[in-house]
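Asks: My structure is stored as protein_18.csv, with CSV, C-alpha atoms.
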```csv
chain,number,residue,atom,x,y,z
G,29,MET,CA,-24.4,6.7,-6.3
G,30,GLN,CA,-27.1,9.5,-6.2
G,31,VAL,CA,-25.2,10.9,-3.2
G,32,ASN,CA,-22.1,11.6,-5.2
G,33,ASP,CA,-24.0,12.9,-8.2
G,34,SER,CA,-25.9,15.4,-6.0
G,35,GLY,CA,-22.7,17.4,-5.7
G,36,LEU,CA,-22.4,17.1,-1.9
G,37,PRO,CA,-19.0,17.8,-0.5
G,38,ALA,CA,-16.9,14.6,-0.2
G,39,ASP,CA,-17.0,14.4,3.6
G,40,VAL,CA,-20.8,14.9,3.8
G,41,ALA,CA,-21.3,12.3,1.1
G,42,ALA,CA,-19.0,9.9,2.9
G,43,ALA,CA,-20.9,10.4,6.2
G,44,VAL,CA,-24.2,9.6,4.4
G,45,LEU,CA,-22.6,6.6,2.8
G,46,THR,CA,-21.2,5.2,6.0
G,47,ARG,CA,-24.7,5.2,7.4
G,48,ASP,CA,-26.1,3.5,4.4
G,49,LYS,CA,-23.5,1.1,3.2
G,50,GLU,CA,-25.7,-0.4,0.4
G,51,ARG,CA,-25.0,2.6,-1.7
G,52,VAL,CA,-21.5,1.7,-3.0
G,53,PRO,CA,-22.0,-1.2,-5.4
G,54,LEU,CA,-19.6,-4.1,-5.1
G,55,LEU,CA,-19.0,-3.8,-8.8
G,56,ALA,CA,-17.7,-0.2,-8.2
G,57,ILE,CA,-15.4,-1.5,-5.5
G,58,PHE,CA,-14.1,-4.1,-7.9
G,59,ARG,CA,-13.6,-1.6,-10.7
G,60,VAL,CA,-11.7,0.9,-8.6
G,61,PHE,CA,-9.4,-1.6,-6.9
G,62,PHE,CA,-8.8,-3.7,-10.0
G,63,THR,CA,-7.7,-0.6,-11.9
G,64,ILE,CA,-5.4,0.6,-9.1
G,65,GLY,CA,-3.9,-2.9,-8.9
G,66,ALA,CA,-3.3,-3.2,-12.6
G,67,THR,CA,-1.6,0.2,-12.9
G,68,SER,CA,0.2,0.5,-9.6
G,69,PHE,CA,3.8,0.5,-10.9
G,70,GLY,CA,6.4,1.6,-8.5
G,71,GLY,CA,4.5,1.3,-5.3
G,72,GLY,CA,2.5,4.6,-5.4
G,73,LEU,CA,-0.7,2.8,-4.6
G,74,THR,CA,-1.7,4.5,-1.4
G,75,GLY,CA,-1.7,7.9,-3.0
G,76,TRP,CA,-3.8,6.6,-5.9
G,77,ILE,CA,-6.2,4.7,-3.6
G,78,HIS,CA,-6.7,8.0,-1.7
G,79,ARG,CA,-7.4,9.9,-4.9
G,80,GLU,CA,-9.9,7.4,-6.2
G,81,THR,CA,-11.8,6.6,-3.0
G,82,VAL,CA,-11.7,9.9,-1.1
G,83,THR,CA,-11.1,12.8,-3.5
G,84,GLN,CA,-12.9,11.5,-6.6
G,85,ARG,CA,-15.7,9.4,-5.0
G,86,GLY,CA,-16.1,10.5,-1.4
G,87,TRP,CA,-16.6,6.9,-0.3
G,88,LEU,CA,-14.9,7.8,3.0
G,89,THR,CA,-13.5,10.8,4.7
G,90,HIS,CA,-9.9,12.0,4.7
G,91,GLU,CA,-9.7,11.1,8.5
G,92,GLN,CA,-11.1,7.7,8.0
G,93,PHE,CA,-8.6,7.0,5.2
G,94,LEU,CA,-5.6,8.2,7.3
G,95,SER,CA,-6.6,6.1,10.3
G,96,GLY,CA,-7.2,3.1,8.1
G,97,LEU,CA,-3.8,3.6,6.5
G,98,ALA,CA,-2.1,3.8,9.9
G,99,LEU,CA,-4.0,0.7,11.2
G,100,GLY,CA,-2.9,-1.2,8.0
G,101,GLN,CA,0.7,-0.3,8.5
G,102,VAL,CA,0.7,-1.4,12.2
G,103,LEU,CA,-0.9,-4.7,11.3
G,104,PRO,CA,1.0,-7.4,9.4
G,105,GLY,CA,0.5,-7.6,5.7
G,106,ALA,CA,1.1,-5.4,2.7
G,107,ASN,CA,-0.1,-1.8,3.3
G,108,VAL,CA,-2.1,-1.8,0.1
G,109,THR,CA,-4.0,-5.1,0.8
G,110,ASN,CA,-4.7,-4.0,4.4
G,111,LEU,CA,-6.0,-0.7,3.1
G,112,ALA,CA,-8.2,-2.5,0.6
G,113,VAL,CA,-9.6,-4.7,3.3
G,114,TYR,CA,-10.2,-1.7,5.6
G,115,ILE,CA,-12.0,0.3,2.9
G,116,GLY,CA,-14.0,-2.7,1.6
G,117,GLN,CA,-15.0,-3.5,5.1
G,118,LEU,CA,-16.1,0.1,5.8
G,119,LEU,CA,-18.2,0.2,2.6
G,120,ARG,CA,-19.8,-3.2,2.4
G,121,GLY,CA,-18.6,-5.4,5.2
G,122,ALA,CA,-17.1,-8.9,4.5
G,123,PRO,CA,-18.1,-9.0,0.8
G,124,GLY,CA,-16.6,-5.6,0.2
G,125,ALA,CA,-13.4,-6.5,2.0
G,126,ILE,CA,-13.0,-9.7,0.0
G,127,ILE,CA,-13.8,-8.0,-3.3
G,128,ALA,CA,-11.4,-5.2,-2.6
G,129,VAL,CA,-8.4,-7.3,-1.7
G,130,VAL,CA,-8.9,-9.9,-4.4
G,131,SER,CA,-9.4,-7.3,-7.1
G,132,VAL,CA,-6.4,-5.2,-6.0
G,133,LEU,CA,-4.2,-8.4,-6.3
G,134,ALA,CA,-5.8,-9.9,-9.4
G,135,ALA,CA,-4.0,-8.0,-12.2
G,136,PRO,CA,-0.6,-8.0,-10.4
G,137,PHE,CA,-0.9,-11.8,-10.0
G,138,PHE,CA,-1.0,-12.3,-13.7
G,139,LEU,CA,1.2,-9.4,-14.7
G,140,CYS,CA,4.2,-10.4,-12.4
G,141,ILE,CA,4.1,-13.9,-13.7
G,142,GLY,CA,3.8,-12.6,-17.3
G,143,LEU,CA,6.8,-10.4,-16.7
G,144,ALA,CA,8.7,-13.3,-15.2
G,145,LEU,CA,8.1,-15.2,-18.5
G,146,ILE,CA,9.5,-12.4,-20.6
G,147,TYR,CA,11.9,-10.8,-18.1
G,148,GLU,CA,15.1,-11.9,-19.9
G,149,ASP,CA,14.0,-10.4,-23.1
G,150,ALA,CA,12.4,-7.3,-21.6
G,151,THR,CA,15.6,-6.2,-19.8
G,152,ARG,CA,17.4,-6.3,-23.1
G,153,ILE,CA,15.1,-3.5,-24.5
G,154,PRO,CA,17.1,-0.3,-24.2
G,155,GLY,CA,15.5,2.1,-21.8
G,156,PHE,CA,13.3,-0.6,-20.1
G,157,HIS,CA,14.8,0.0,-16.6
G,158,ALA,CA,14.8,3.8,-17.2
G,159,ALA,CA,11.1,3.7,-17.9
G,160,MET,CA,10.4,1.6,-14.9
G,161,ASP,CA,12.5,3.9,-12.7
G,162,GLY,CA,10.6,6.9,-14.1
G,163,ILE,CA,7.2,5.4,-13.3
G,164,ALA,CA,8.4,4.6,-9.7
G,165,ALA,CA,9.6,8.2,-9.3
G,166,ALA,CA,6.4,9.7,-10.5
G,167,ALA,CA,4.5,7.3,-8.2
G,168,VAL,CA,6.5,8.7,-5.3
G,169,GLY,CA,5.1,12.1,-6.2
G,170,MET,CA,1.6,10.7,-5.6
G,171,ILE,CA,2.7,9.6,-2.1
G,172,LEU,CA,4.2,13.0,-1.4
G,173,ARG,CA,0.9,14.7,-2.4
G,174,LEU,CA,-1.0,12.4,-0.1
G,175,GLY,CA,1.5,13.1,2.8
G,176,TYR,CA,1.1,16.8,2.2
G,177,MET,CA,-2.7,16.6,2.3
G,178,GLY,CA,-2.6,14.5,5.4
G,179,ALA,CA,-0.2,16.9,7.1
G,180,LYS,CA,-2.4,19.9,6.2
G,181,SER,CA,-5.5,18.3,7.8
G,182,GLY,CA,-4.2,16.1,10.5
G,183,CYS,CA,-1.0,17.8,11.7
G,184,ASN,CA,-2.0,21.4,12.2
G,185,ARG,CA,-1.1,21.5,15.8
G,186,LEU,CA,2.3,21.5,17.5
G,187,ALA,CA,1.7,18.1,19.1
G,188,THR,CA,0.4,16.3,16.0
G,189,GLY,CA,3.1,17.9,13.8
G,190,SER,CA,5.8,16.8,16.2
G,191,VAL,CA,4.5,13.2,16.1
G,192,ALA,CA,4.5,13.1,12.3
G,193,LEU,CA,8.0,14.6,12.1
G,194,ALA,CA,9.3,12.2,14.8
G,195,VAL,CA,7.8,9.1,13.1
G,196,PHE,CA,9.3,10.3,9.7
G,197,LEU,CA,12.8,10.8,11.2
G,198,ALA,CA,12.7,7.5,13.2
G,199,ILE,CA,11.4,5.3,10.4
G,200,GLY,CA,12.5,7.1,7.2
G,201,VAL,CA,15.8,8.7,8.1
G,202,ALA,CA,17.2,6.7,11.0
G,203,GLN,CA,15.5,3.5,9.7
G,204,TRP,CA,14.6,2.2,13.1
G,205,PRO,CA,12.4,-0.9,13.2
G,206,LEU,CA,8.7,-0.1,12.7
G,207,PHE,CA,7.1,-1.8,15.6
G,208,PRO,CA,8.8,-0.2,18.6
G,209,VAL,CA,8.5,3.2,17.0
G,210,ILE,CA,4.8,2.8,16.5
G,211,ALA,CA,4.4,1.3,19.9
G,212,VAL,CA,5.7,4.6,21.4
G,213,ALA,CA,4.3,7.1,18.9
G,214,ALA,CA,0.8,5.8,18.4
G,215,PRO,CA,-0.4,5.8,22.1
G,216,LEU,CA,1.3,9.2,22.6
G,217,SER,CA,-0.4,10.6,19.6
G,218,VAL,CA,-3.8,9.2,20.6
G,219,TRP,CA,-3.3,10.6,24.1
G,220,PHE,CA,-2.7,14.1,22.6
G,221,ALA,CA,-6.0,13.7,20.7
G,222,TRP,CA,-8.0,12.3,23.7
G,223,PRO,CA,-11.0,14.5,24.6
G,224,ARG,CA,-10.4,16.5,27.7
G,225,GLY,CA,-12.5,18.6,30.0
G,226,GLY,CA,-10.1,21.5,29.6
G,227,GLY,CA,-7.0,22.5,31.5
G,228,ALA,CA,-5.0,19.6,30.2
G,229,HIS,CA,-1.3,19.8,30.2
G,230,ALA,CA,-0.3,18.0,27.1
L,7,MET,CA,4.2,-33.8,4.0
L,8,ARG,CA,7.5,-32.0,3.4
L,9,ASP,CA,7.5,-33.5,-0.1
L,10,ASN,CA,4.3,-31.8,-1.1
L,11,PRO,CA,5.2,-28.4,-2.6
L,12,TYR,CA,1.8,-26.9,-1.6
L,13,PHE,CA,2.1,-27.8,2.0
L,14,GLY,CA,5.7,-26.5,1.9
L,15,LEU,CA,4.6,-23.1,0.6
L,16,MET,CA,1.9,-22.9,3.2
L,17,TRP,CA,4.2,-24.0,6.0
L,18,VAL,CA,6.7,-21.3,5.1
L,19,LEU,CA,4.4,-18.4,4.0
L,20,ILE,CA,1.5,-18.5,6.5
L,21,PRO,CA,3.7,-17.6,9.5
L,22,PHE,CA,5.4,-14.9,7.4
L,23,SER,CA,2.0,-13.5,6.6
L,24,LEU,CA,1.4,-12.9,10.3
L,25,VAL,CA,4.7,-11.2,11.0
L,26,SER,CA,5.0,-9.1,7.9
L,27,VAL,CA,4.5,-5.8,9.6
L,28,GLY,CA,5.1,-3.0,7.1
L,29,GLY,CA,4.6,-5.4,4.2
L,30,GLY,CA,7.1,-7.2,2.1
L,31,PRO,CA,10.4,-5.5,3.1
L,32,SER,CA,10.1,-6.8,6.7
L,33,ILE,CA,10.1,-10.4,5.6
L,34,PHE,CA,12.5,-10.4,2.6
L,35,ALA,CA,15.6,-11.4,4.6
L,36,PRO,CA,14.1,-14.5,6.3
L,37,LEU,CA,12.2,-15.3,3.2
L,38,GLN,CA,15.4,-15.6,1.2
L,39,HIS,CA,16.9,-17.8,3.9
L,40,GLN,CA,13.9,-20.2,3.9
L,41,THR,CA,13.4,-20.4,0.1
L,42,VAL,CA,17.1,-20.5,-0.9
L,43,ASP,CA,19.0,-22.2,2.0
L,44,VAL,CA,16.4,-24.2,3.8
L,45,TRP,CA,14.0,-25.5,1.1
L,46,HIS,CA,16.3,-25.1,-2.0
L,47,TRP,CA,13.3,-24.0,-4.1
L,48,ILE,CA,15.4,-21.3,-5.9
L,49,SER,CA,19.0,-20.1,-6.2
L,50,ALA,CA,20.1,-16.9,-4.6
L,51,ARG,CA,20.5,-15.4,-8.1
L,52,GLU,CA,16.9,-16.4,-8.9
L,53,PHE,CA,15.7,-14.8,-5.7
L,54,VAL,CA,17.3,-11.4,-6.7
L,55,ASP,CA,15.8,-11.7,-10.2
L,56,LEU,CA,12.3,-12.5,-8.8
L,57,PHE,CA,12.7,-9.5,-6.4
L,58,ALA,CA,13.4,-7.2,-9.3
L,59,ILE,CA,10.5,-8.6,-11.3
L,60,ALA,CA,8.1,-8.1,-8.4
L,61,ARG,CA,9.2,-4.6,-8.0
L,62,THR,CA,8.9,-3.8,-11.7
L,63,ALA,CA,5.4,-5.4,-12.1
L,64,PRO,CA,2.5,-3.5,-10.5
L,65,GLY,CA,1.3,-4.6,-7.1
L,66,PRO,CA,2.9,-4.9,-3.7
L,67,GLY,CA,6.5,-6.0,-3.5
L,68,ALA,CA,5.4,-9.0,-1.5
L,69,MET,CA,4.2,-10.5,-4.8
L,70,LEU,CA,7.7,-11.9,-4.8
L,71,THR,CA,6.1,-14.8,-2.9
L,72,THR,CA,3.7,-15.3,-5.8
L,73,LEU,CA,6.7,-15.7,-8.1
L,74,ILE,CA,8.4,-18.1,-5.7
L,75,GLY,CA,5.2,-20.2,-5.6
L,76,TRP,CA,5.2,-20.1,-9.4
L,77,LYS,CA,8.8,-21.4,-9.6
L,78,VAL,CA,8.0,-24.2,-7.1
L,79,ALA,CA,4.7,-25.5,-8.6
L,80,GLY,CA,3.5,-23.5,-11.6
L,81,TRP,CA,0.2,-21.6,-11.6
L,82,SER,CA,-1.3,-23.5,-8.7
L,83,GLY,CA,1.8,-22.9,-6.7
L,84,ALA,CA,1.6,-19.2,-7.4
L,85,LEU,CA,-2.1,-19.2,-6.2
L,86,VAL,CA,-1.3,-21.2,-3.1
L,87,ALA,CA,1.7,-18.9,-2.3
L,88,THR,CA,-0.4,-15.7,-2.8
L,89,VAL,CA,-3.3,-16.9,-0.7
L,90,SER,CA,-0.9,-18.1,2.1
L,91,LEU,CA,0.9,-14.8,2.2
L,92,PHE,CA,-2.0,-12.3,1.8
L,93,GLY,CA,-4.8,-14.4,3.3
L,94,PRO,CA,-4.0,-14.6,7.1
L,95,ALA,CA,-2.9,-10.9,7.3
L,96,SER,CA,-6.0,-9.8,5.5
L,97,ILE,CA,-8.3,-11.9,7.8
L,98,LEU,CA,-6.6,-10.3,10.8
L,99,CYS,CA,-7.0,-6.9,9.3
L,100,TYR,CA,-10.6,-7.5,8.6
L,101,GLY,CA,-11.2,-8.5,12.2
L,102,VAL,CA,-9.5,-5.4,13.5
L,103,ALA,CA,-11.3,-3.1,11.0
L,104,ARG,CA,-14.6,-4.5,12.0
L,105,ILE,CA,-14.1,-3.9,15.7
L,106,TYR,CA,-12.7,-0.5,14.9
L,107,ASP,CA,-15.7,0.4,12.8
L,108,ARG,CA,-18.3,-0.8,15.4
L,109,TYR,CA,-17.2,1.9,17.8
L,110,ARG,CA,-17.5,4.7,15.2
L,111,GLY,CA,-18.7,7.9,16.9
L,112,HIS,CA,-17.5,7.1,20.4
L,113,PRO,CA,-15.1,9.7,21.8
L,114,TRP,CA,-12.2,7.3,22.0
L,115,HIS,CA,-12.8,6.2,18.4
L,116,THR,CA,-12.5,9.9,17.3
L,117,ALA,CA,-9.4,10.3,19.4
L,118,LEU,CA,-7.9,7.1,17.9
L,119,GLU,CA,-8.7,8.4,14.4
L,120,ARG,CA,-7.2,11.8,15.1
L,121,GLY,CA,-4.2,10.4,16.9
L,122,LEU,CA,-3.4,7.8,14.2
L,123,ALA,CA,-3.5,10.5,11.4
L,124,PRO,CA,-0.1,12.1,12.2
L,125,VAL,CA,1.5,8.7,12.7
L,126,ALA,CA,0.2,7.8,9.2
L,127,VAL,CA,1.6,11.0,7.8
L,128,GLY,CA,5.0,10.3,9.2
L,129,LEU,CA,4.9,6.8,7.8
L,130,ILE,CA,3.8,8.1,4.3
L,131,PHE,CA,6.8,10.4,4.1
L,132,ALA,CA,9.1,7.6,5.4
L,133,GLY,CA,7.7,5.3,2.7
L,134,ALA,CA,8.3,7.9,0.0
L,135,LEU,CA,11.9,8.2,1.2
L,136,SER,CA,12.5,4.4,1.2
L,137,VAL,CA,11.2,4.1,-2.4
L,138,LEU,CA,13.5,7.0,-3.4
L,139,ARG,CA,16.4,5.2,-1.6
L,140,LEU,CA,15.7,1.9,-3.3
L,141,SER,CA,15.8,3.6,-6.7
L,142,GLY,CA,19.4,4.6,-6.1
L,143,GLY,CA,18.8,8.2,-5.0
L,144,ARG,CA,19.5,9.8,-8.3
L,145,PRO,CA,18.7,13.6,-8.5
L,146,LEU,CA,16.4,12.9,-11.4
L,147,THR,CA,14.3,10.6,-9.2
L,148,TRP,CA,13.9,13.4,-6.6
L,149,ILE,CA,13.1,16.0,-9.3
L,150,VAL,CA,10.4,13.8,-11.0
L,151,ALA,CA,8.9,12.8,-7.6
L,152,LEU,CA,8.7,16.4,-6.5
L,153,ALA,CA,7.4,17.7,-9.9
L,154,SER,CA,4.7,15.0,-10.0
L,155,GLY,CA,3.6,15.8,-6.5
L,156,LEU,CA,3.4,19.5,-7.3
L,157,ALA,CA,1.6,18.8,-10.6
L,158,LEU,CA,-1.0,16.7,-8.7
L,159,GLY,CA,-1.5,19.5,-6.2
L,160,TYR,CA,-1.9,22.1,-9.0
L,161,TRP,CA,-4.2,20.1,-11.3
L,162,SER,CA,-6.2,17.9,-8.9
L,163,LYS,CA,-8.2,16.4,-11.8
L,164,LEU,CA,-5.1,15.2,-13.6
L,165,HIS,CA,-5.2,11.5,-14.2
L,166,PRO,CA,-2.4,9.5,-12.6
L,167,PHE,CA,-1.6,7.8,-15.9
L,168,ILE,CA,-0.4,11.1,-17.3
L,169,ILE,CA,1.9,11.6,-14.3
L,170,LEU,CA,3.3,8.1,-14.6
L,171,PHE,CA,3.7,8.4,-18.3
L,172,ALA,CA,5.5,11.8,-17.9
L,173,GLY,CA,7.8,10.2,-15.3
L,174,ALA,CA,8.7,7.4,-17.7
L,175,ALA,CA,9.2,9.8,-20.6
L,176,MET,CA,11.6,12.0,-18.6
L,177,PHE,CA,13.7,9.0,-17.5
L,178,ILE,CA,13.8,7.6,-21.1
L,179,ALA,CA,14.8,11.1,-22.3
L,180,ALA,CA,17.6,11.2,-19.7
L,181,PHE,CA,18.6,7.7,-20.7
L,182,VAL,CA,18.8,8.6,-24.4
L,183,LEU,CA,20.7,11.8,-23.7
L,184,GLY,CA,23.1,9.8,-21.5
L,185,TRP,CA,22.4,11.5,-18.2
L,186,GLY,CA,21.5,8.2,-16.5
```
Take the structure from the file and write it as structure tokens.
Replies:
Amino acid sequence: MQVNDSGLPADVAAAVLTRDKERVPLLAIFRVFFTIGATSFGGGLTGWIHRETVTQRGWLTHEQFLSGLALGQVLPGANVTNLAVYIGQLLRGAPGAIIAVVSVLAAPFFLCIGLALIYEDATRIPGFHAAMDGIAAAAVGMILRLGYMGAKSGCNRLATGSVALAVFLAIGVAQWPLFPVIAVAAPLSVWFAWPRGGGAHA
Amino acid sequence: MRDNPYFGLMWVLIPFSLVSVGGGPSIFAPLQHQTVDVWHWISAREFVDLFAIARTAPGPGAMLTTLIGWKVAGWSGALVATVSLFGPASILCYGVARIYDRYRGHPWHTALERGLAPVAVGLIFAGALSVLRLSGGRPLTWIVALASGLALGYWSKLHPFIILFAGAAMFIAAFVLGWG
């Protein structure tokens, strides 16, 4: 962890770390993902994972995070577990991936069964649902923040901005099925980003 | 083999794992059909309750399958269900991530990374909208979501716990004042 303590910018530190994967201890991966799993009420996990791994620790760059997030959403599986697998793999290979995904699910496993055991009683507490809804709403704020940061860095051109907007309208507003939308949008977007020798008509 | 609850859970959940694009929501409808109508593990009412519990507890909404496994065969059923649902998809994701990582630095890898970023941004905002929709679309939900997003932007060191706690506090206040 000397790299982080040296005060290097997050993206530089992550570039160094990516070359020397031994620097992120498995215990640190466990601690981060276990905490996120244990407190991820309301589904705001991606925003929190970004904060802990990119902003706070510089384990990976913003771009690496976003492409991992997109990969995880295209592939089957919960977005959060896929993201955990991706980040764990990036940092420490197979052991990192296993630790990340197991630790992000460990606390929710016991907490959801625990809640099932007391659910009848818990719902009778006045304000229980209100508190849960409030946590979920605040967690959405973390997702919005992540989207804003992603838009600022990754969608600063007309082409990339249009792709992001089109995906949002198709999936979020029109609620079209995910797969066909991604099958069209992703290749198009990658084509826009493809390195060209100049004079491209994109 | 159909009498063994563990094999039953694996039989139903492993295929769901590999088609659950976008996570839990994409498989909830067929999952309900299989667990309620086909296998009679739980009643329709129990399915809805378990769904609410999975959404209330931390973790992905697909933890609903953990609860179904728990109903079917206790703690070991919960474990079998969780591994069956999250295992295959995670292994697939690991394979793809590995291949993806191996080509780091190649021009096409950079293009893929840059090209996928705006797709992810679109999906992030779509995801935020779907959570807002699930929560009933009350104005207070939107206000708290926007306020917490802005607060995180303004104070980047702010701990997420404070944000979540403030959200809960505002909703409880609204509940007490009768605005809910």
Asks: For the point (13.9, 11.6, -12.6) in file coordinates, what residues are within 10 Å, counting only C-alpha atoms? Give the answer as a ChimeraX atom specification?
Replies: /G:158-159,161-166 /L:143-153,172-180,186
Asks: So how many Å separate atom CA of Val191 of chain G and atom CA of Ala214 of chain G, to one decimal?
Replies: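 Interatomic distance here is 8.6 Å.
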Asks: Rank G:Val129, G:Ile210, G:Trp222, G:Ser217 by their smallest atom-to-atom distance to Leu103 of chain G, using all atoms listed in the file, and report the top residue only.
Replies: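 Answer, going by the shortest atom-to-atom distance: G:Ile210.
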Asks: What are the closest atom pairs, with distances in Å to one decimal, for all residues of chain L lying within 6 Å of chain G? Consider all atoms listed in the file, order rows by chain and residue number, and present the result as a tab-separated table.
Replies:
```
residue	atom	partner	partner_atom	distance
L:Leu24	CA	G:Pro104	CA	5.6
L:Val25	CA	G:Pro104	CA	5.5
L:Ser26	CA	G:Pro104	CA	4.6
L:Val27	CA	G:Pro104	CA	3.9
L:Gly28	CA	G:Gln101	CA	5.3
L:Gly29	CA	G:Ala106	CA	3.8
L:Ala63	CA	G:Cys140	CA	5.2
L:Pro64	CA	G:Phe69	CA	4.2
L:Gly65	CA	G:Pro136	CA	5.1
L:Ala95	CA	G:Gly105	CA	5.0
L:Ala103	CA	G:Tyr114	CA	5.7
L:Ala117	CA	G:Trp222	CA	4.9
L:Leu118	CA	G:Val218	CA	5.3
L:Glu119	CA	G:Ser95	CA	5.1
L:Gly121	CA	G:Val218	CA	3.9
L:Leu122	CA	G:Ser95	CA	5.3
L:Ala123	CA	G:Leu94	CA	5.1
L:Pro124	CA	G:Ala192	CA	4.7
L:Val125	CA	G:Ala192	CA	5.3
L:Ala126	CA	G:Ala98	CA	4.7
L:Val127	CA	G:Gly175	CA	5.4
L:Gly128	CA	G:Ala192	CA	4.2
L:Leu129	CA	G:Phe196	CA	5.9
L:Ile130	CA	G:Gly175	CA	5.7
L:Ala132	CA	G:Gly200	CA	3.9
L:Ala134	CA	G:Val168	CA	5.7
L:Thr147	CA	G:Ala165	CA	5.3
L:Val150	CA	G:Ala166	CA	5.7
L:Ala151	CA	G:Gly169	CA	4.1
L:Leu152	CA	G:Gly169	CA	5.6
L:Ser154	CA	G:Gly169	CA	4.8
L:Gly155	CA	G:Gly169	CA	4.0
L:Leu170	CA	G:Ile163	CA	4.9
L:Gly173	CA	G:Gly162	CA	4.5
L:Ala174	CA	G:Gly162	CA	4.1
L:Phe177	CA	G:Gly162	CA	5.1
L:Ile178	CA	G:Ala158	CA	5.5
```
Asks: Do you have the atom CA of Leu138 of chain L-atom CA of Gly67 of chain L distance handy?
Replies: 14.8 Å
Asks: In Å, rounded to a single decimal, give me how far atom CA of Thr62 of chain L is from atom CA of Phe181 of chain L.
Replies: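 Those two atoms sit 17.5 Å apart.
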